[in-house]
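Heads up, structure12.cif below (mmCIF, C-alpha atoms):
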```cif
data_start
loop_
_atom_site.label_atom_id
_atom_site.label_comp_id
_atom_site.auth_asym_id
_atom_site.auth_seq_id
_atom_site.Cartn_x
_atom_site.Cartn_y
_atom_site.Cartn_z
CA MET A 15 9.77 5.48 -11.30
CA VAL A 16 8.03 2.79 -13.34
CA SER A 17 4.48 3.68 -14.36
CA LEU A 18 1.45 1.48 -14.96
CA ARG A 19 1.85 1.87 -18.72
CA GLN A 20 0.70 -1.00 -20.91
CA ARG A 21 3.31 -2.96 -22.88
CA ALA A 22 0.98 -4.18 -25.66
CA ARG A 23 0.25 -7.15 -23.42
CA GLU A 24 -3.52 -7.07 -23.61
CA PRO A 25 -5.19 -9.96 -25.43
CA GLU A 26 -6.19 -9.47 -29.04
CA LEU A 27 -9.96 -9.22 -29.43
CA GLU A 28 -11.10 -11.65 -32.10
CA HIS A 29 -13.80 -10.39 -34.50
CA ASP A 30 -15.86 -12.13 -37.18
CA MET A 31 -13.94 -10.34 -39.92
CA GLY A 32 -10.80 -12.21 -38.91
CA ARG A 33 -12.43 -15.65 -38.97
CA ASP A 34 -11.26 -16.64 -42.41
CA PRO A 35 -12.26 -20.15 -43.60
CA THR A 36 -8.71 -20.59 -44.95
CA LEU A 37 -7.57 -20.65 -41.29
CA GLY A 38 -9.96 -23.48 -40.39
CA TYR A 39 -13.14 -21.59 -39.51
CA GLU A 40 -16.49 -22.63 -40.89
CA PRO A 41 -18.08 -20.06 -43.20
CA HIS A 42 -20.15 -17.69 -41.07
CA GLU A 43 -23.90 -18.30 -41.11
CA SER A 44 -25.93 -15.47 -39.63
CA HIS A 45 -28.64 -17.85 -38.38
CA SER A 46 -26.25 -20.15 -36.54
CA SER A 47 -25.18 -19.70 -32.92
CA LEU A 48 -22.43 -22.34 -33.23
CA ARG A 49 -19.13 -22.19 -35.08
CA TYR A 50 -16.77 -25.15 -35.45
CA LEU A 51 -13.04 -24.64 -35.98
CA GLU A 52 -10.10 -26.99 -36.33
CA HIS A 53 -6.49 -26.20 -37.10
CA GLY A 54 -2.95 -27.49 -36.91
CA ILE A 55 0.33 -25.70 -36.28
CA PRO A 56 1.97 -23.48 -37.23
CA THR A 57 -0.94 -21.05 -37.59
CA PRO A 58 -1.60 -17.38 -36.81
CA LEU A 59 -4.49 -18.53 -34.62
CA VAL A 60 -2.05 -19.48 -31.86
CA ARG A 61 -1.94 -16.17 -30.03
CA TRP A 62 -3.02 -14.52 -26.76
CA HIS A 63 -6.62 -13.54 -27.55
CA GLN A 64 -10.21 -13.30 -26.38
CA HIS A 65 -13.66 -13.15 -27.96
CA GLU A 66 -17.29 -12.61 -27.07
CA GLU A 67 -18.23 -16.28 -27.42
CA CYS A 68 -17.75 -19.22 -25.10
CA GLU A 69 -15.25 -21.73 -26.48
CA LEU A 70 -14.82 -25.46 -25.93
CA HIS A 71 -11.25 -26.36 -26.85
CA LEU A 72 -9.92 -29.91 -27.28
CA ILE A 73 -6.22 -30.59 -27.89
CA VAL A 74 -5.68 -33.54 -30.25
CA GLN A 75 -1.88 -33.48 -30.58
CA THR A 76 1.24 -31.90 -28.98
CA ARG A 77 2.14 -30.83 -25.47
CA GLY A 78 2.96 -27.42 -24.12
CA LYS A 79 1.81 -24.55 -21.90
CA LEU A 80 -1.78 -23.47 -21.41
CA PHE A 81 -2.69 -19.87 -20.53
CA VAL A 82 -6.25 -19.02 -19.44
CA GLY A 83 -6.70 -15.66 -17.75
CA ASP A 84 -4.09 -15.63 -14.98
CA TYR A 85 -3.74 -19.42 -15.03
CA ILE A 86 -0.53 -21.01 -16.31
CA GLY A 87 -0.40 -24.80 -16.69
CA HIS A 88 0.54 -27.64 -18.99
CA PHE A 89 -1.51 -29.37 -21.67
CA GLU A 90 -1.25 -32.63 -23.57
CA PRO A 91 -3.50 -34.57 -25.97
CA GLY A 92 -6.98 -34.82 -24.47
CA ASN A 93 -6.81 -31.44 -22.72
CA LEU A 94 -10.42 -30.17 -22.71
CA VAL A 95 -11.15 -26.60 -21.59
CA LEU A 96 -14.26 -24.42 -21.68
CA THR A 97 -13.69 -20.66 -21.58
CA GLY A 98 -16.32 -17.97 -21.08
CA PRO A 99 -16.81 -14.67 -22.90
CA ARG A 100 -13.77 -12.38 -23.03
CA LEU A 101 -11.60 -14.76 -21.03
CA PRO A 102 -8.10 -14.52 -22.63
CA HIS A 103 -6.43 -17.80 -23.59
CA ASN A 104 -3.67 -19.43 -25.60
CA TRP A 105 -2.09 -22.86 -26.07
CA ILE A 106 1.66 -22.80 -26.87
CA SER A 107 3.04 -26.13 -28.09
CA GLY A 108 6.52 -26.86 -26.81
CA ASP A 109 7.35 -30.34 -28.14
CA ASN A 110 9.14 -29.18 -31.27
CA PRO A 111 8.84 -25.55 -32.38
CA ASP A 112 9.47 -26.51 -36.03
CA GLU A 113 7.03 -29.42 -36.09
CA VAL A 114 4.13 -29.30 -38.55
CA VAL A 115 0.90 -30.78 -37.15
CA HIS A 116 -2.17 -30.94 -39.36
CA LEU A 117 -4.76 -31.27 -36.57
CA ARG A 118 -3.86 -29.95 -33.13
CA ASP A 119 -7.10 -28.29 -32.01
CA MET A 120 -10.81 -29.03 -32.28
CA VAL A 121 -12.81 -25.99 -31.19
CA LEU A 122 -16.46 -25.08 -30.80
CA GLN A 123 -17.46 -21.44 -30.30
CA PHE A 124 -21.00 -20.58 -29.20
CA SER A 125 -22.94 -17.56 -27.99
CA GLU A 126 -23.83 -17.53 -24.32
CA ALA A 127 -26.69 -15.00 -24.37
CA PRO A 128 -29.25 -17.14 -26.27
CA LEU A 129 -28.71 -20.04 -23.88
CA ARG A 130 -29.27 -17.80 -20.86
CA GLN A 131 -32.34 -16.23 -22.42
CA VAL A 132 -33.95 -19.53 -23.36
CA GLY A 133 -32.82 -21.12 -20.08
CA SER A 134 -34.91 -18.60 -18.16
CA GLU A 135 -38.00 -19.93 -19.96
CA VAL A 136 -37.20 -23.59 -20.64
CA GLY A 137 -36.66 -25.62 -17.48
CA GLU A 138 -34.59 -28.31 -19.17
CA LEU A 139 -31.92 -25.76 -20.12
CA GLN A 140 -31.52 -24.38 -16.60
CA ALA A 141 -29.16 -27.25 -15.78
CA VAL A 142 -26.48 -25.72 -18.03
CA LEU A 143 -26.62 -22.22 -16.50
CA PRO A 144 -24.23 -23.08 -13.61
CA LEU A 145 -21.83 -24.47 -16.25
CA LEU A 146 -21.86 -21.11 -18.04
CA GLU A 147 -21.12 -19.35 -14.76
CA ARG A 148 -18.14 -21.61 -14.09
CA ALA A 149 -16.89 -21.06 -17.64
CA ARG A 150 -16.25 -17.40 -16.81
CA HIS A 151 -13.24 -18.65 -14.83
CA GLY A 152 -12.24 -21.37 -17.34
CA ILE A 153 -12.97 -25.06 -16.71
CA GLU A 154 -10.62 -27.96 -17.39
CA PHE A 155 -12.48 -31.28 -17.65
CA PHE A 156 -10.94 -34.68 -16.95
CA ASP A 157 -11.74 -38.05 -18.57
CA MET A 158 -14.14 -36.37 -21.00
CA SER A 159 -11.93 -36.02 -24.08
CA GLU A 160 -13.12 -39.09 -26.00
CA MET A 161 -16.76 -38.17 -25.46
CA ALA A 162 -16.06 -34.57 -26.48
CA ARG A 163 -14.14 -35.56 -29.61
CA ASP A 164 -16.96 -37.84 -30.79
CA ALA A 165 -19.50 -35.08 -30.13
CA LEU A 166 -17.43 -32.46 -31.96
CA VAL A 167 -17.13 -34.74 -35.00
CA ARG A 168 -20.91 -35.18 -35.05
CA ILE A 169 -21.44 -31.43 -34.71
CA LYS A 170 -18.96 -30.76 -37.51
CA HIS A 171 -20.88 -33.02 -39.90
CA SER A 172 -24.43 -32.01 -38.98
CA HIS A 173 -26.57 -28.98 -39.68
CA GLY A 174 -29.58 -27.08 -38.44
CA LEU A 175 -31.67 -28.51 -35.61
CA ALA A 176 -29.78 -31.82 -35.64
CA ARG A 177 -26.53 -29.95 -34.99
CA PHE A 178 -28.08 -27.92 -32.20
CA GLY A 179 -29.43 -31.11 -30.64
CA GLU A 180 -25.92 -32.64 -30.65
CA PHE A 181 -24.61 -29.43 -29.06
CA LEU A 182 -27.22 -29.52 -26.27
CA MET A 183 -26.37 -33.16 -25.47
CA LEU A 184 -22.69 -32.22 -25.27
CA LEU A 185 -23.47 -29.31 -22.95
CA ASP A 186 -25.59 -31.60 -20.77
CA LYS A 187 -22.69 -34.06 -20.35
CA LEU A 188 -20.30 -31.24 -19.48
CA ALA A 189 -22.80 -29.80 -16.99
CA GLN A 190 -23.07 -33.19 -15.27
CA CYS A 191 -19.29 -33.72 -15.10
CA THR A 192 -17.97 -33.55 -11.54
CA ASP A 193 -14.30 -34.22 -12.37
CA TYR A 194 -13.11 -30.74 -13.31
CA ARG A 195 -11.18 -27.80 -11.97
CA LEU A 196 -11.67 -24.07 -12.32
CA LEU A 197 -8.67 -22.23 -13.70
CA SER A 198 -9.49 -18.96 -11.90
CA THR A 199 -8.17 -18.00 -8.49
CA VAL A 200 -11.66 -17.19 -7.17
CA GLN A 201 -14.59 -19.59 -7.15
CA MET A 202 -18.24 -18.88 -6.41
CA GLN A 203 -20.75 -21.67 -5.89
CA SER A 204 -24.07 -21.89 -7.75
CA TYR A 205 -27.33 -20.92 -6.04
CA ASP A 206 -30.82 -22.04 -6.91
CA ASP A 207 -32.67 -19.22 -5.25
CA ASP A 208 -32.42 -15.76 -6.79
CA ALA A 209 -32.39 -13.87 -3.49
CA SER A 210 -29.36 -15.79 -2.19
CA LEU A 211 -27.56 -15.43 -5.51
CA ALA A 212 -28.22 -11.67 -5.50
CA GLN A 213 -26.85 -11.34 -1.96
CA VAL A 214 -23.75 -13.41 -2.72
CA SER A 215 -23.15 -11.39 -5.89
CA GLY A 216 -23.51 -8.16 -3.93
CA ILE A 217 -20.95 -9.24 -1.34
CA VAL A 218 -18.49 -10.48 -3.95
CA SER A 219 -18.92 -7.30 -6.02
CA PHE A 220 -18.22 -5.14 -2.96
CA LEU A 221 -15.10 -7.11 -2.05
CA THR A 222 -13.87 -7.07 -5.66
CA ASP A 223 -14.37 -3.31 -6.00
CA HIS A 224 -12.60 -2.60 -2.70
CA SER A 225 -10.06 -5.43 -2.59
CA ALA A 226 -7.08 -3.06 -2.26
CA GLU A 227 -8.56 -1.45 0.85
CA GLN A 228 -8.06 -2.59 4.43
CA PHE A 229 -11.17 -3.80 6.30
CA THR A 230 -12.11 -6.57 8.70
CA MET A 231 -14.71 -9.30 8.32
CA ALA A 232 -16.65 -7.65 11.15
CA GLU A 233 -16.90 -4.43 9.14
CA VAL A 234 -18.08 -6.26 6.02
CA SER A 235 -20.60 -8.40 7.90
CA ALA A 236 -22.09 -5.28 9.52
CA ARG A 237 -22.42 -3.69 6.09
CA PHE A 238 -24.59 -6.62 5.00
CA ASN A 239 -26.61 -6.76 8.25
CA MET A 240 -25.15 -10.02 9.55
CA THR A 241 -23.35 -10.99 12.70
CA GLU A 242 -19.74 -11.97 12.19
CA SER A 243 -20.47 -15.66 12.85
CA GLN A 244 -23.46 -15.64 10.46
CA PHE A 245 -21.39 -13.97 7.76
CA SER A 246 -18.51 -16.42 8.22
CA ARG A 247 -20.74 -19.48 7.76
CA TYR A 248 -22.69 -17.94 4.87
CA PHE A 249 -19.58 -16.74 3.05
CA ARG A 250 -17.82 -20.10 3.37
CA ARG A 251 -20.85 -21.91 1.96
CA ALA A 252 -21.26 -19.38 -0.87
CA THR A 253 -17.68 -19.15 -2.10
CA GLY A 254 -15.96 -22.31 -0.87
CA ASN A 255 -13.40 -20.10 0.89
CA THR A 256 -12.96 -18.44 4.25
CA PHE A 257 -13.14 -14.65 4.14
CA THR A 258 -9.37 -14.35 4.56
CA ASP A 259 -8.59 -16.94 1.87
CA PHE A 260 -11.03 -15.29 -0.52
CA MET A 261 -9.45 -11.86 -0.06
CA ASN A 262 -5.97 -13.31 -0.52
CA ARG A 263 -7.06 -15.00 -3.75
CA LEU A 264 -8.81 -11.87 -4.98
CA ARG A 265 -5.71 -9.77 -4.34
CA ILE A 266 -3.37 -12.33 -5.91
CA ASN A 267 -5.67 -12.43 -8.94
CA ARG A 268 -5.32 -8.66 -9.33
CA ALA A 269 -1.56 -8.93 -8.78
CA CYS A 270 -1.35 -11.45 -11.64
CA GLN A 271 -3.11 -8.98 -13.92
CA LEU A 272 -0.65 -6.21 -13.02
CA LEU A 273 2.32 -8.55 -13.44
CA MET A 274 1.08 -9.62 -16.87
CA GLU A 275 0.03 -6.23 -18.22
CA THR A 276 2.32 -3.62 -16.65
CA ASP A 277 5.95 -2.90 -15.82
CA ARG A 278 5.14 -2.19 -12.18
CA TYR A 279 7.82 -3.27 -9.73
CA ILE A 280 6.81 -6.42 -7.84
CA ASN A 281 7.15 -4.73 -4.44
CA ASN A 282 4.83 -1.95 -5.65
CA VAL A 283 2.33 -4.49 -6.96
CA CYS A 284 2.20 -5.96 -3.45
CA TYR A 285 0.90 -2.70 -2.00
CA ASP A 286 -1.22 -1.83 -5.06
CA VAL A 287 -3.41 -4.89 -4.51
CA GLY A 288 -3.90 -4.52 -0.76
CA PHE A 289 -1.09 -6.46 0.95
CA ASN A 290 0.87 -4.47 3.54
CA ASN A 291 3.79 -6.88 3.85
CA VAL A 292 5.99 -8.05 0.96
CA ALA A 293 6.98 -11.30 2.66
CA ASN A 294 3.32 -12.20 3.21
CA PHE A 295 2.52 -11.27 -0.40
CA ASN A 296 5.29 -13.54 -1.71
CA ARG A 297 4.20 -16.38 0.59
CA ARG A 298 0.52 -16.14 -0.43
CA PHE A 299 1.44 -15.85 -4.11
CA MET A 300 3.52 -19.03 -3.91
CA GLN A 301 0.73 -20.80 -2.02
CA ILE A 302 -1.95 -19.90 -4.58
CA LYS A 303 -0.03 -19.86 -7.87
CA GLY A 304 2.71 -22.38 -7.11
CA MET A 305 5.48 -19.99 -8.15
CA THR A 306 6.98 -16.66 -7.15
CA PRO A 307 5.68 -13.37 -8.61
CA LYS A 308 8.94 -13.03 -10.54
CA ASP A 309 8.59 -16.51 -12.06
CA PHE A 310 4.94 -15.84 -12.86
CA ARG A 311 5.82 -12.67 -14.79
CA ARG A 312 8.61 -14.48 -16.65
CA GLN A 313 6.43 -17.47 -17.57
CA ALA A 314 3.49 -15.25 -18.51
CA GLU A 315 5.56 -13.72 -21.30
CA ALA A 316 5.32 -17.07 -23.12
CA ARG A 317 1.59 -16.60 -23.69
CA PHE A 318 2.47 -14.57 -26.79
CA GLY A 319 4.39 -17.45 -28.36
CA SER A 320 6.63 -16.04 -31.07
CA LYS A 321 5.09 -12.59 -30.68
CA ASN A 322 6.68 -11.70 -27.36
CA PRO A 323 7.05 -7.90 -26.99
#
```
Translate this structure into structure tokens?
Amino acid sequence: MVSLRQRAREPELEHDMGRDPTLGYEPHESHSSLRYLEHGIPTPLVRWHQHEECELHLIVQTRGKLFVGDYIGHFEPGNLVLTGPRLPHNWISGDNPDEVVHLRDMVLQFSEAPLRQVGSEVGELQAVLPLLERARHGIEFFDMSEMARDALVRIKHSHGLARFGEFLMLLDKLAQCTDYRLLSTVQMQSYDDDASLAQVSGIVSFLTDHSAEQFTMAEVSARFNMTESQFSRYFRRATGNTFTDFMNRLRINRACQLLMETDRYINNVCYDVGFNNVANFNRRFMQIKGMTPKDFRRQAEARFGSKNP
């Protein structure tokens, strides 16, 4: 019997002590909430990792595979992605494994907490809070790379309040961008009123915590004091998904995690995450991820680059 043991597949947690300027990091300044980084390849920085900061990542050269959380896709020059705190990621170039590139990535890391804290007091900053929420799932922006590159260059060469001003203008443009996609399997819409947001968060938290269990929409709607029709309309507006689609995506998301981090047999993963039919599990997985569970596990191994276990 195969257990749920880990195979050293968890993302490396990046700490300040590992951010050596010889790798392309700016020297750490305790009073700064922004850190600029640029690097080429090969470099030890290309690895499956996560960190506490948000990260805006622009690819300047090369093509290859992009890994963000449970998302697997392709990247090319101009690929612009914003990741939230502790969202694992990696870009593996595939053009020519032996190629030396002096500038492949332009990266900006920034702390989320100060923006949220100030945003609660300063009305002008509230416009970026939905952007930070979306970043928790990873955001890929389209037709924004030239703007972002120019802004990153200005940030690189500025300091103090001028640098922070450039950063805020960049965030504002990203917050206004409507041509993007979330790289997560589950999406939740933004809400202006705190009561609605709290209720949506409560529903989503309940479903997430109990996603492997079997229950009907009628049972969930009764739990939250709604009729089934009220709950259906409210839930669709709040999440962008029907109840059934949301649960399928939630369960597939968990399945991706098990496929990436454990040796669990695929048929067992099906039941672990709440599906009671392997054929339906395979069909939903293909529908949502665009590949079979077996292919997903095989392709996910590439997120380690040359460090595959």
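Distance annotation: of A:Trp62, A:Phe295, A:Phe178, A:Phe220, the residue with the minimal separation from His103 of chain A is A:Trp62; atom set is all atoms listed in the file.
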Report as CSV: every residue of segment 145-231 of chain A with an atom at most 12 Å from segment 35-44 of chain A, its closest pair of atoms, and their distance in Å to one decimal, counting only C-alpha atoms, with rows sorted by chain and ascending residue number.
```
residue,atom,partner,partner_atom,distance
A:Ile169,CA,A:Glu40,CA,11.8
A:Lys170,CA,A:Glu40,CA,9.1
A:His171,CA,A:Glu40,CA,11.3
A:His173,CA,A:Glu43,CA,11.1
A:Gly174,CA,A:Glu43,CA,10.8
```
Next item on the list: Could you give me, as a PyMOL selection string, the residues within 12 Å of Asp84 of chain A, counting only C-alpha atoms and dropping anything in the same chain fewer than 2 positions from it?
Entry: chain A and resi 25+62+80-82+86-87+101-104+151-152+196-200+263-264+266-275+302-303+307+310-311+313-315+317
Write a file of the just-selected residues containing C-alpha atoms, as a PDB file, in the frame of the given file.
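The file below, selection.pdb, is the result:
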```pdb
ATOM      1  CA  PRO A  25      -5.190  -9.960 -25.430  1.00  0.00           C
ATOM      2  CA  TRP A  62      -3.020 -14.520 -26.760  1.00  0.00           C
ATOM      3  CA  LEU A  80      -1.780 -23.470 -21.410  1.00  0.00           C
ATOM      4  CA  PHE A  81      -2.690 -19.870 -20.530  1.00  0.00           C
ATOM      5  CA  VAL A  82      -6.250 -19.020 -19.440  1.00  0.00           C
ATOM      6  CA  ILE A  86      -0.530 -21.010 -16.310  1.00  0.00           C
ATOM      7  CA  GLY A  87      -0.400 -24.800 -16.690  1.00  0.00           C
ATOM      8  CA  LEU A 101     -11.600 -14.760 -21.030  1.00  0.00           C
ATOM      9  CA  PRO A 102      -8.100 -14.520 -22.630  1.00  0.00           C
ATOM     10  CA  HIS A 103      -6.430 -17.800 -23.590  1.00  0.00           C
ATOM     11  CA  ASN A 104      -3.670 -19.430 -25.600  1.00  0.00           C
ATOM     12  CA  HIS A 151     -13.240 -18.650 -14.830  1.00  0.00           C
ATOM     13  CA  GLY A 152     -12.240 -21.370 -17.340  1.00  0.00           C
ATOM     14  CA  LEU A 196     -11.670 -24.070 -12.320  1.00  0.00           C
ATOM     15  CA  LEU A 197      -8.670 -22.230 -13.700  1.00  0.00           C
ATOM     16  CA  SER A 198      -9.490 -18.960 -11.900  1.00  0.00           C
ATOM     17  CA  THR A 199      -8.170 -18.000  -8.490  1.00  0.00           C
ATOM     18  CA  VAL A 200     -11.660 -17.190  -7.170  1.00  0.00           C
ATOM     19  CA  ARG A 263      -7.060 -15.000  -3.750  1.00  0.00           C
ATOM     20  CA  LEU A 264      -8.810 -11.870  -4.980  1.00  0.00           C
ATOM     21  CA  ILE A 266      -3.370 -12.330  -5.910  1.00  0.00           C
ATOM     22  CA  ASN A 267      -5.670 -12.430  -8.940  1.00  0.00           C
ATOM     23  CA  ARG A 268      -5.320  -8.660  -9.330  1.00  0.00           C
ATOM     24  CA  ALA A 269      -1.560  -8.930  -8.780  1.00  0.00           C
ATOM     25  CA  CYS A 270      -1.350 -11.450 -11.640  1.00  0.00           C
ATOM     26  CA  GLN A 271      -3.110  -8.980 -13.920  1.00  0.00           C
ATOM     27  CA  LEU A 272      -0.650  -6.210 -13.020  1.00  0.00           C
ATOM     28  CA  LEU A 273       2.320  -8.550 -13.440  1.00  0.00           C
ATOM     29  CA  MET A 274       1.080  -9.620 -16.870  1.00  0.00           C
ATOM     30  CA  GLU A 275       0.030  -6.230 -18.220  1.00  0.00           C
ATOM     31  CA  ILE A 302      -1.950 -19.900  -4.580  1.00  0.00           C
ATOM     32  CA  LYS A 303      -0.030 -19.860  -7.870  1.00  0.00           C
ATOM     33  CA  PRO A 307       5.680 -13.370  -8.610  1.00  0.00           C
ATOM     34  CA  PHE A 310       4.940 -15.840 -12.860  1.00  0.00           C
ATOM     35  CA  ARG A 311       5.820 -12.670 -14.790  1.00  0.00           C
ATOM     36  CA  GLN A 313       6.430 -17.470 -17.570  1.00  0.00           C
ATOM     37  CA  ALA A 314       3.490 -15.250 -18.510  1.00  0.00           C
ATOM     38  CA  GLU A 315       5.560 -13.720 -21.300  1.00  0.00           C
ATOM     39  CA  ARG A 317       1.590 -16.600 -23.690  1.00  0.00           C
TER      40      ARG A 317
END
```
Next item on the list: Determine, counting all atoms listed in the file, which protein, DNA and RNA residues have an atom within 10 Å of an atom of Trp105 of chain A; residues of the same chain fewer than 6 positions away are not included. Present the result as a VMD selection string.
Entry: chain A and resid 59 to 62 71 73 77 to 82 87 to 89 119 316 to 319
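Close contacts of Glu28 of chain A, defined as residues with an atom at most 8 Å away when counting all atoms listed in the file, with chain neighbours fewer than 5 positions off set aside, comprise A:His63, A:Gln64, A:His65.
One distance worth recording is that between atom CA of Ser219 of chain A and atom CA of Thr253 of chain A, which is 12.5 Å.
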Next item on the list: Enumerate, as number ranges by chain, the residues matched when the PyMOL selection byres ((chain A and resi 154-167) around 9) is run on the file above.
Entry: A: 50, 72-74, 91-97, 120-122, 152-153, 168-172, 180-181, 183-184, 187-188, 191-197
Next item on the list: Choose the residue, out of A:Arg130, A:Arg251, A:Arg148, A:Arg265, that has the smallest atom-to-atom separation from Phe299 of chain A; count only C-alpha atoms.
Entry: A:Arg265
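Note that atom CA of Glu52 of chain A and atom CA of Asn110 of chain A are 20.0 Å apart.
Put simply, atom CA of Glu90 of chain A is 18.9 Å away from atom CA of Leu51 of chain A.
All residues of protein, DNA or RNA that reach within 12 Å of Val292 of chain A, judged by only C-alpha atoms and not counting those fewer than 5 positions away in the chain, are Tyr279, Ile280, Asn281, Asn282, Val283, Cys284, Tyr285, Asp286, Val287, Arg297, Arg298, Phe299, Thr306 and Pro307 of chain A.
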Deliver the residues from the most recent selection as a file, using C-alpha atoms, as a PDB file, keeping the file's coordinate frame.
```pdb
ATOM      1  CA  TYR A 279       7.820  -3.270  -9.730  1.00  0.00           C
ATOM      2  CA  ILE A 280       6.810  -6.420  -7.840  1.00  0.00           C
ATOM      3  CA  ASN A 281       7.150  -4.730  -4.440  1.00  0.00           C
ATOM      4  CA  ASN A 282       4.830  -1.950  -5.650  1.00  0.00           C
ATOM      5  CA  VAL A 283       2.330  -4.490  -6.960  1.00  0.00           C
ATOM      6  CA  CYS A 284       2.200  -5.960  -3.450  1.00  0.00           C
ATOM      7  CA  TYR A 285       0.900  -2.700  -2.000  1.00  0.00           C
ATOM      8  CA  ASP A 286      -1.220  -1.830  -5.060  1.00  0.00           C
ATOM      9  CA  VAL A 287      -3.410  -4.890  -4.510  1.00  0.00           C
ATOM     10  CA  ARG A 297       4.200 -16.380   0.590  1.00  0.00           C
ATOM     11  CA  ARG A 298       0.520 -16.140  -0.430  1.00  0.00           C
ATOM     12  CA  PHE A 299       1.440 -15.850  -4.110  1.00  0.00           C
ATOM     13  CA  THR A 306       6.980 -16.660  -7.150  1.00  0.00           C
ATOM     14  CA  PRO A 307       5.680 -13.370  -8.610  1.00  0.00           C
TER      15      PRO A 307
END
```
Checklist line | Given the PyMOL selection byres ((chain A and resi 113) around 12), the residues it picks as number ranges by chain | finding: A: 54-57, 75-77, 107-112, 114-118
